[in-house]
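Participant: Would you mind keeping the following structure in view while I ask a few things?
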Amino acid sequence: MKICKTGIVESVSMLSPMIYDLAVTTNLKDYAVPGQFVMIYPKDKSTLLPRPISICEITETGLRFVFRIAGKGTAEFSGYKAGDSIKLMGPLGNGYDINLLKGKKVLTLGGGIGVPPMLELTKALKSQNIDVTAVLGYRDSSLFLKDDFDKYNDTVVATEDGSIGTKGNVMDAIAANNLKADVICACGPMPMLRAIKAYAEKENITAFISLEERMACGVGACLGCVAKTTKEDHHSHVNNARVCTEGPIFDSKEVDI
Amino acid sequence: MKICKTGIVESVSMLSPMIYDLAVTTNLKDYAVPGQFVMIYPKDKSTLLPRPISICEITETGLRFVFRIAGKGTAEFSGYKAGDSIKLMGPLGNGYDINLLKGKKVLTLGGGIGVPPMLELTKALKSQNIDVTAVLGYRDSSLFLKDDFDKYNDTVVATEDGSIGTKGNVMDAIAANNLKADVICACGPMPMLRAIKAYAEKENITAFISLEERMACGVGACLGCVAKTTKEDHHSHVNNARVCTEGPIFDSKEVDI
Amino acid sequence: MNTAVKIAGVEFKNPVTTASGTFGSGMEYGEFVDLNKLGAITTKGVASVAWPGNPTPRVTEVYGGMLNAIGLQNPGIEVFCERDIPFLKQYDTKIIVNVCGKTVEEYLAVVERLQNEPVDMLEINVSCPNVKEGAIAFGQDAKALENITKQIKKVAKQPVIMKLSPNVTRIADMAKAAEAAGADAISLINTITGMKIDIKRRKFVLANKTGGMSGPAIKPVAVRMVYEASHAVNIPVIGMGGIASAEDAIEFMMAGATMVAVGAANFINPNTTIEVVDGITEFMLRHGIQDINEIVGCV
Amino acid sequence: MNTAVKIAGVEFKNPVTTASGTFGSGMEYGEFVDLNKLGAITTKGVASVAWPGNPTPRVTEVYGGMLNAIGLQNPGIEVFCERDIPFLKQYDTKIIVNVCGKTVEEYLAVVERLQNEPVDMLEINVSCPNVKEGAIAFGQDAKALENITKQIKKVAKQPVIMKLSPNVTRIADMAKAAEAAGADAISLINTITGMKIDIKRRKFVLANKTGGMSGPAIKPVAVRMVYEASHAVNIPVIGMGGIASAEDAIEFMMAGATMVAVGAANFINPNTTIEVVDGITEFMLRHGIQDINEIVGCV
């Protein structure tokens with residue numbers, strides 16, 4: 001169920017330069033699953049479209065979002081204060097089907113601003129006693145959210161500058177630590193997702209990857225945010241699935257990226 | 001001298017339904033004279049043009065504006081809080097030349113939202129020991145700013161509903177109180193200004209009236225806010241003077257209203 | 001109090017529909033608004049066969065609006081007839097099917113296929129700026145518009161609305177051409193062609209380079225064109241372009257629109273359509289308007 | 001680092017000028033900005049005799065911009081030559097005089113009067129939407145545009161910029177017509193015709209009914225037209241329409257403009273021109289751009 005409703009900001013804090021942590025009291029939490037996202041509407045009247053922000057954590061009182069400042073909308077969000085009311089719509093997208101992951105050895109891979117959505121997933125998997133290891137790729141030693149992941153697993157880290165963990169990206173960390181998985185769940189930049197798709201094919205395992213695309217409506221009406229699919233999509237029958245509706249989580253075999 | 005600069009809100013309060021009192025700390029005060037106005041820039045990005053607001057009072061620390069909510073811009077201003085910073089440009093317009101009023105018996109006439117600019121003028125005239133009487137026209141018994149005027153003169157009041165003072169408008173109050181003047185200074189709705197123009201001609205006295213017109217730039221560049229003049233204007237030589245620059249104060253004989 | 005309006009014999013319970021392409025066939029917004037409350041639902045454009053649309057990025061934000069270059073992705077008329085029409089028939093609202101094509105024949109194929117379908121009106125999209133062939137080419141030339149309108153009218157069993165492009169020198173000429181060829185109504189404006197450049201990457205933001213601009217930013221242009229078009233013809237006008245509130249809708253009606261459509265505003269607030277419907281009634285109450293038809297072209 | 005650009009042999013110290021009608025002849029903004037820092041000042045349109053302009057209201061606000069229907073109030077060329085040119089000559093900036101008229105003869109009278117005046121370029125306004133005769137009629141028809149351009153070129157002693165209207169079907173055709181007739185440059189876009197209705201009073205907000213729309217809201221349309229026009233001709237393009245920052249200016253240059261003009265943004269922030277000049281230099285430094293000409297049309 002999707003809701004368009006006002007939420008109340010609980011807290012905003014900076015986790016790392018340009019990376020912000022926004023907690024909002026909202027009953028959208030009651031309908032959310034890991035891997036989904038929420039549209040947040042800026043108040044600035046020059047930027048009218050809502051911003052799709054992935055859910056980092058589903059809390060007792062609402063939702064937690066961790067995002068990077070990428071433009072006017074997210075810059076505005078970073079300046080919110082506790083008590084501010086903000087308009088939200090969601091939860092949106094398919095999210096992860098945890099049932100498909102039961103009894104599997106799962107790696108949750110997050111790269112850069114793809115780290116946050118992996119937190120709720122890792123937490124959810126752990127609560128179902130699924131064997132999960134989070135592998136997080138950062139630019140440098142500013143390991144935002146790592147402490148949160150450590151509550152649920154022995155987090156593996158890669159940094160581009162080699163300052164902590166494996167030097168390189170999440171794939172390098174998988175190799176260096178000789179990690180094996182039945183299923184990979186990943187969110188991150190496109191080159192990382194392409195590498196994971198190739199890796200999953202080589203290893204003959206399943207990879208669920210989270211895609212990003214510019215969106216307008218967020219609910220599947222505008223057809224702005226499509227991803228090329230290998231099979232005919234069920235909406236337009238043209239191998240163009242809607243990231244906001246059929247996605248953002250896709251089996252890597254089923255998308256052409 | 002005109003300045004475009006940030007000011008700090010000292011206080012905002014409601015004087016009467018839809019009528020607000022906004023005090024701002026700003027050094028624009030150092031250049032202001034009675035009858036001038038200031039452009040206030042809304043923060044709302046959908047309403048980009050600045051709002052011309054007449055100066056109600058020049059204070060020790062800045063400027064005081066009393067305005068009616070007429071649209072999105074003024075609605076925004078009414079919601080400001082002490083400490084907010086706002087962008088101002090001014091002081092703008094010609095304002096009153098007090099020297100022309102020395103030794104004269106002056107009536108300062110304000111009607112409705114034309115009342116506020118008469119306050120600083122009345123105060124300035126009094127400080128020069130000029131014989132001044134303020135005649136204020138209100139809709140009803142909500143006599144905003146009257147207490148302020150009472151500090152400087154024995155204010156005469158007219159109300160449309162007759163609840164206080166003369167029933168009717170400022171012209172009715174002048175007649176009822178048998179007031180005489182050498183010079184009239186007036187601000188208010190166009191029908192009031194037309195009546196004053198006619199009265200001044202009949203009585204063969206001078207009336208300085210403050211005109212309003214939709215403005216864009218406020219500094220005389222866009223030629224948006226012209227008033228028809230009886231003589232050739234000095235800018236375009238076409239009997240169209242700029243309210244923001246040659247005005248807003250005009251000798252009633254020199255404008256065709 | 002009457003909020004109903006009539007166009008070409010079809011009565012709509014209120015003058016509010018959706019702008020094609022912003023509301024799908026209503027399925028996605030049914031979670032937010034009661035589709036029964038809308039005067040009509042105007043569907044996403046449908047072609048004779050499935051169209052894949054343009055590469056991504058297809059949408060981007062601009063000041064006070066957005067650009068889109070979807071390229072009319074759609075499942076084709078067969079899937080539409082099997083899936084979307086039955087869905088829409090569940091609701092107590094009128095159905096306006098937006099029709100697109102690359103050639104006259106493609107438009108005619110869709111119109112013909114719809115002959116016996118339970119839809120109320122057809123809106124012919126001759127103004128989409130985002131497809132290479134057809135579409136806007138018919139909407140930027142009065143002769144071409146007249147020709148395609150005539151041919152469609154010969155085949156159509158439902159009343160025909162021609163949807164006009166604002167990317168023309170004289171909108172009145174286009175409106176007259178549509179009327180002369182027998183169109184039952186016109187709708188305008190489609191989007192205005194715009195462009196956005198990412199100056200850091202030195203690249204067009206949209207894969208299609210240009211996109212159609214919509215949102216509150218285009219409203220003054222749309223109101224002007226609705227005024228000019230409605231004063232040039234005697235057929236009804238459906239007005240759209242930046243409508244986000246009942247006040248906006250009333251402005252279009254006063255300019256000459258018999259009906260209005262909510263477009264990009266659906267993306268900015270999914271409840272916009274219903275807020276416009278309810279707001280029109282409130283405005284009528286507040287201003288003592290007995291019949292909404294009173295205000296059409298009253299300015 | 002080079003910020004200078006050249007158009008028809010005239011060198012401008014930087015690519016920033018003012019949009020005609022938004023900056024007077026610079027007098028009013030001299031209190032806020034150092035006029036010496038501008039690449040050029042483009043003056044308010046001047047006619048052969050004084051024009052009174054339209055009745056008021058002449059301006060109103062719209063979402064992300066404004067409408068104006070000033071109607072080219074101006075003191076006529078004699079006053080302009082006696083007062084405005086000597087004022088402008090005090091500054092180290094180039095002078096572009098915007099010329100308007102109701103008939104070809106009126107345009108020619110102004111151009112002829114300016115033959116021996118110390119002005120750098122002429123910009124011919126054939127695109128003002130707010131006067132009943134002349135002006136936009138020349139700018140919405142390629143043949144008429146070609147004809148007036150030819151006649152002006154015969155008389156003009158300074159290079160001629162034709163200022164184009166966006167209210168046309170194909171801007172490239174207009175650009176080509178200007179070039180074919182010998183124009184030295186084109187500038188665009190003038191304002192887009194819009195309308196606003198006061199729904200409580202059921203009246204047009206502007207006395208002129210319609211007005212020209214400007215401001216950030218029109219930028220995507222302007223960028224698209226600058227791109228289309230600059231790719232259709234070999235003469236330089238001066239881009240304008242919603243520029244409020246250096247980033248906006250750079251977007252226009254990347255789309256194909258050699259020079260840019262700041263218009264309605266002057267009303268929103270009187271320091272805009274200088275902020276754009278300084279911001280372009282900062283952008284060049286930050287991105288290692290040695291010569292601003294590098295980015296012209298680079299997209």
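We label chains A, B, ... in the order they appear in the structure tokens, count residues from 1 in each chain, and number ligands from 1 in the order shown.
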Residues at most 9 Å from range 118-129 of chain B, counting only C-alpha atoms, excluding those fewer than 2 positions away in the same chain, as an MDAnalysis selection string?
Facilitator: chainID B and resid 33:35 55:58 96 98 101:103 106:110 114:116 131:134 136 145 148:149 151:153 185:187
Participant: Would you write out those residues with C-alpha atoms, as a CSV table (one decimal), in the first residue's frame?
Facilitator:
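What landed in result38.csv:
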chain,number,residue,atom,x,y,z
B,33,VAL,CA,12.8,59.8,4.1
B,34,PRO,CA,9.0,59.7,4.7
B,35,GLY,CA,7.0,58.5,1.7
B,55,ILE,CA,8.0,52.7,5.0
B,56,CYS,CA,5.8,53.1,8.1
B,57,GLU,CA,8.4,54.3,10.4
B,58,ILE,CA,12.2,54.9,10.4
B,96,TYR,CA,8.2,63.9,0.7
B,98,ILE,CA,9.6,68.4,4.1
B,101,LEU,CA,5.8,71.8,4.0
B,102,LYS,CA,7.5,74.2,6.4
B,103,GLY,CA,5.3,76.9,7.8
B,106,VAL,CA,-0.7,70.1,6.8
B,107,LEU,CA,-3.3,67.3,6.9
B,108,THR,CA,-1.9,63.8,6.6
B,109,LEU,CA,-4.6,61.6,5.2
B,110,GLY,CA,-4.4,57.8,5.2
B,114,GLY,CA,-2.6,53.9,3.0
B,115,VAL,CA,-2.5,54.7,6.8
B,116,PRO,CA,1.1,53.3,7.5
B,131,ASP,CA,1.3,72.1,12.2
B,132,VAL,CA,0.0,68.7,11.3
B,133,THR,CA,-3.2,66.7,11.8
B,134,ALA,CA,-3.6,63.1,10.8
B,136,LEU,CA,-7.2,58.3,9.2
B,145,LEU,CA,-1.5,52.3,14.2
B,148,ASP,CA,1.2,55.5,17.2
B,149,PHE,CA,-0.2,58.6,15.5
B,151,LYS,CA,1.9,60.3,20.1
B,152,TYR,CA,2.4,63.1,17.6
B,153,ASN,CA,-1.0,64.7,17.1
B,185,CYS,CA,-0.4,64.6,2.0
B,186,ALA,CA,-2.4,61.5,1.3
B,187,CYS,CA,-2.1,57.8,0.7
Participant: Just need the residues of chain D within 7 Å of chain B, counting only C-alpha atoms, so spit them out as a list in words.
Facilitator: Gly21, Thr22, Phe23, Gly24, Glu28, Glu31, Ala50, Trp51, Pro52, Pro57, Arg58, Val59, Thr60, Glu61, Tyr63, Gly64, Gly65, Ile70, Gln73, Asn74, Pro75, Phe267 and Ile268 of chain D
Participant: Those selected residues, please, written with C-alpha atoms and delivered as a PDB file, in the first residue's frame.
Facilitator:
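Result saved to part-v5.pdb:
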ATOM      1  CA  GLY D  21      14.280  46.690 -21.803  1.00  0.00           C
ATOM      2  CA  THR D  22      15.469  45.288 -18.493  1.00  0.00           C
ATOM      3  CA  PHE D  23      18.351  47.661 -17.850  1.00  0.00           C
ATOM      4  CA  GLY D  24      17.311  51.009 -19.355  1.00  0.00           C
ATOM      5  CA  GLU D  28      19.340  52.965 -13.004  1.00  0.00           C
ATOM      6  CA  GLU D  31      24.010  52.409  -8.394  1.00  0.00           C
ATOM      7  CA  ALA D  50       8.833  59.050 -28.485  1.00  0.00           C
ATOM      8  CA  TRP D  51       6.380  56.210 -27.780  1.00  0.00           C
ATOM      9  CA  PRO D  52       4.033  56.344 -24.789  1.00  0.00           C
ATOM     10  CA  PRO D  57      -0.991  47.379 -15.428  1.00  0.00           C
ATOM     11  CA  ARG D  58       2.005  46.615 -17.579  1.00  0.00           C
ATOM     12  CA  VAL D  59       3.691  43.944 -15.480  1.00  0.00           C
ATOM     13  CA  THR D  60       2.628  40.982 -13.392  1.00  0.00           C
ATOM     14  CA  GLU D  61       4.251  38.026 -11.789  1.00  0.00           C
ATOM     15  CA  TYR D  63       5.317  31.187 -11.587  1.00  0.00           C
ATOM     16  CA  GLY D  64       9.084  31.473 -11.965  1.00  0.00           C
ATOM     17  CA  GLY D  65       8.913  34.657 -13.971  1.00  0.00           C
ATOM     18  CA  ILE D  70       5.332  47.830 -21.532  1.00  0.00           C
ATOM     19  CA  GLN D  73       7.739  53.330 -24.083  1.00  0.00           C
ATOM     20  CA  ASN D  74      10.794  55.339 -25.123  1.00  0.00           C
ATOM     21  CA  PRO D  75      11.835  58.959 -25.640  1.00  0.00           C
ATOM     22  CA  PHE D 267      14.620  42.773 -11.331  1.00  0.00           C
ATOM     23  CA  ILE D 268      15.039  39.806  -9.011  1.00  0.00           C
TER      24      ILE D 268
END
Participant: Could the residues of chain C that have an atom at most 9 Å from chain D be listed as a tab-separated table, each with its closest atom pair and the distance in Å to one decimal, counting only C-alpha atoms and ordered by chain and ascending residue number?
Facilitator:
residue	atom	partner	partner_atom	distance
C:Val62	CA	D:Pro220	CA	7.3
C:Tyr63	CA	D:Ala217	CA	5.6
C:Gly64	CA	D:Gly64	CA	6.2
C:Gly65	CA	D:Ala217	CA	8.0
C:Leu67	CA	D:Pro220	CA	8.4
C:Gln140	CA	D:Thr169	CA	6.7
C:Asp141	CA	D:Thr169	CA	8.8
C:Pro166	CA	D:Thr169	CA	8.6
C:Asn167	CA	D:Thr169	CA	5.4
C:Val168	CA	D:Thr169	CA	3.9
C:Thr169	CA	D:Val168	CA	3.9
C:Arg170	CA	D:Val168	CA	7.6
C:Ile192	CA	D:Val221	CA	7.2
C:Thr193	CA	D:Val221	CA	6.2
C:Gly194	CA	D:Val221	CA	4.3
C:Met195	CA	D:Arg224	CA	4.8
C:Lys196	CA	D:Pro220	CA	6.0
C:Ile197	CA	D:Glu251	CA	6.0
C:Asp198	CA	D:Glu251	CA	7.6
C:Ile199	CA	D:Glu251	CA	6.0
C:Lys200	CA	D:His287	CA	8.4
C:Arg201	CA	D:Val299	CA	8.9
C:Arg202	CA	D:Val299	CA	5.3
C:Lys203	CA	D:Val299	CA	5.4
C:Phe204	CA	D:Val299	CA	7.0
C:Lys209	CA	D:Arg224	CA	9.0
C:Thr210	CA	D:Arg224	CA	7.0
C:Met213	CA	D:Pro220	CA	7.7
C:Pro216	CA	D:Tyr63	CA	6.3
C:Ala217	CA	D:Ala217	CA	5.1
C:Ile218	CA	D:Ala217	CA	7.4
C:Lys219	CA	D:Gly194	CA	8.1
C:Pro220	CA	D:Gly194	CA	4.6
C:Val221	CA	D:Gly194	CA	4.3
C:Ala222	CA	D:Gly194	CA	7.4
C:Val223	CA	D:Met195	CA	5.9
C:Arg224	CA	D:Met195	CA	4.8
C:Met225	CA	D:Gly194	CA	7.9
C:Tyr227	CA	D:Met195	CA	8.6
C:Glu247	CA	D:Ile199	CA	7.4
C:Asp248	CA	D:Ile199	CA	8.9
C:Ile250	CA	D:Ile199	CA	7.0
C:Glu251	CA	D:Ile199	CA	6.0
C:Phe252	CA	D:Ile197	CA	8.6
C:Met254	CA	D:Arg202	CA	7.2
C:Ala255	CA	D:Ile197	CA	7.6
C:His287	CA	D:Lys200	CA	8.4
C:Ile295	CA	D:Arg202	CA	8.7
C:Cys298	CA	D:Arg202	CA	7.0
C:Val299	CA	D:Arg202	CA	5.3
Participant: DSSP on the backbone, alpha helix (DSSP H) only: what residues of range 13-245 of chain D does that give? Format it as JSON, numbers by chain.
Facilitator: {"D": [77, 78, 79, 85, 86, 87, 88, 89, 104, 105, 106, 107, 108, 109, 110, 111, 112, 113, 136, 137, 138, 139, 142, 143, 144, 145, 146, 147, 148, 149, 150, 151, 152, 153, 154, 155, 171, 172, 173, 174, 175, 176, 177, 178, 179, 180, 219, 220, 221, 222, 223, 224, 225, 226, 227, 228, 229, 230]}
Participant: When distances are computed from only C-alpha atoms, which of C:Ile136, C:Ala177, C:Ala109, C:Met121 shows the smallest separation from Ile77 in chain C?
Facilitator: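 Counting only C-alpha atoms, the residue closest to Ile77 in chain C is C:Ala109.
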Participant: Identify which of the residues C:Ala185, C:Ala229, C:Leu164, C:Val16 lies closest to Phe138 in chain C, counting only C-alpha atoms when measuring atom-to-atom distances.
Facilitator: C:Leu164
Participant: List the neighbours of Arg113 in chain D out to 10 Å using only C-alpha atoms; skip same-chain residues closer than 2 positions along the sequence, and give me the result as a ChimeraX atom specification.
Facilitator: /D:48,77-78,81,108-111,115-117,155-156
Participant: Give the strand (DSSP E) residues of range 30-274 of chain D, as DSSP finds them on the backbone, and put them as a ChimeraX atom specification.
Facilitator: /D:40-42,59-62,65-68,94-99,121-125,160-163,185-188,192-195,197-198,203-204,210-214,237-240,259-262
Participant: Between CA of Ser13 in chain B and CA of Ala82 in chain A, what is the distance, to one decimal in Å?
Facilitator: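 Between CA of Ser13 in chain B and CA of Ala82 in chain A the gap is 25.3 Å.
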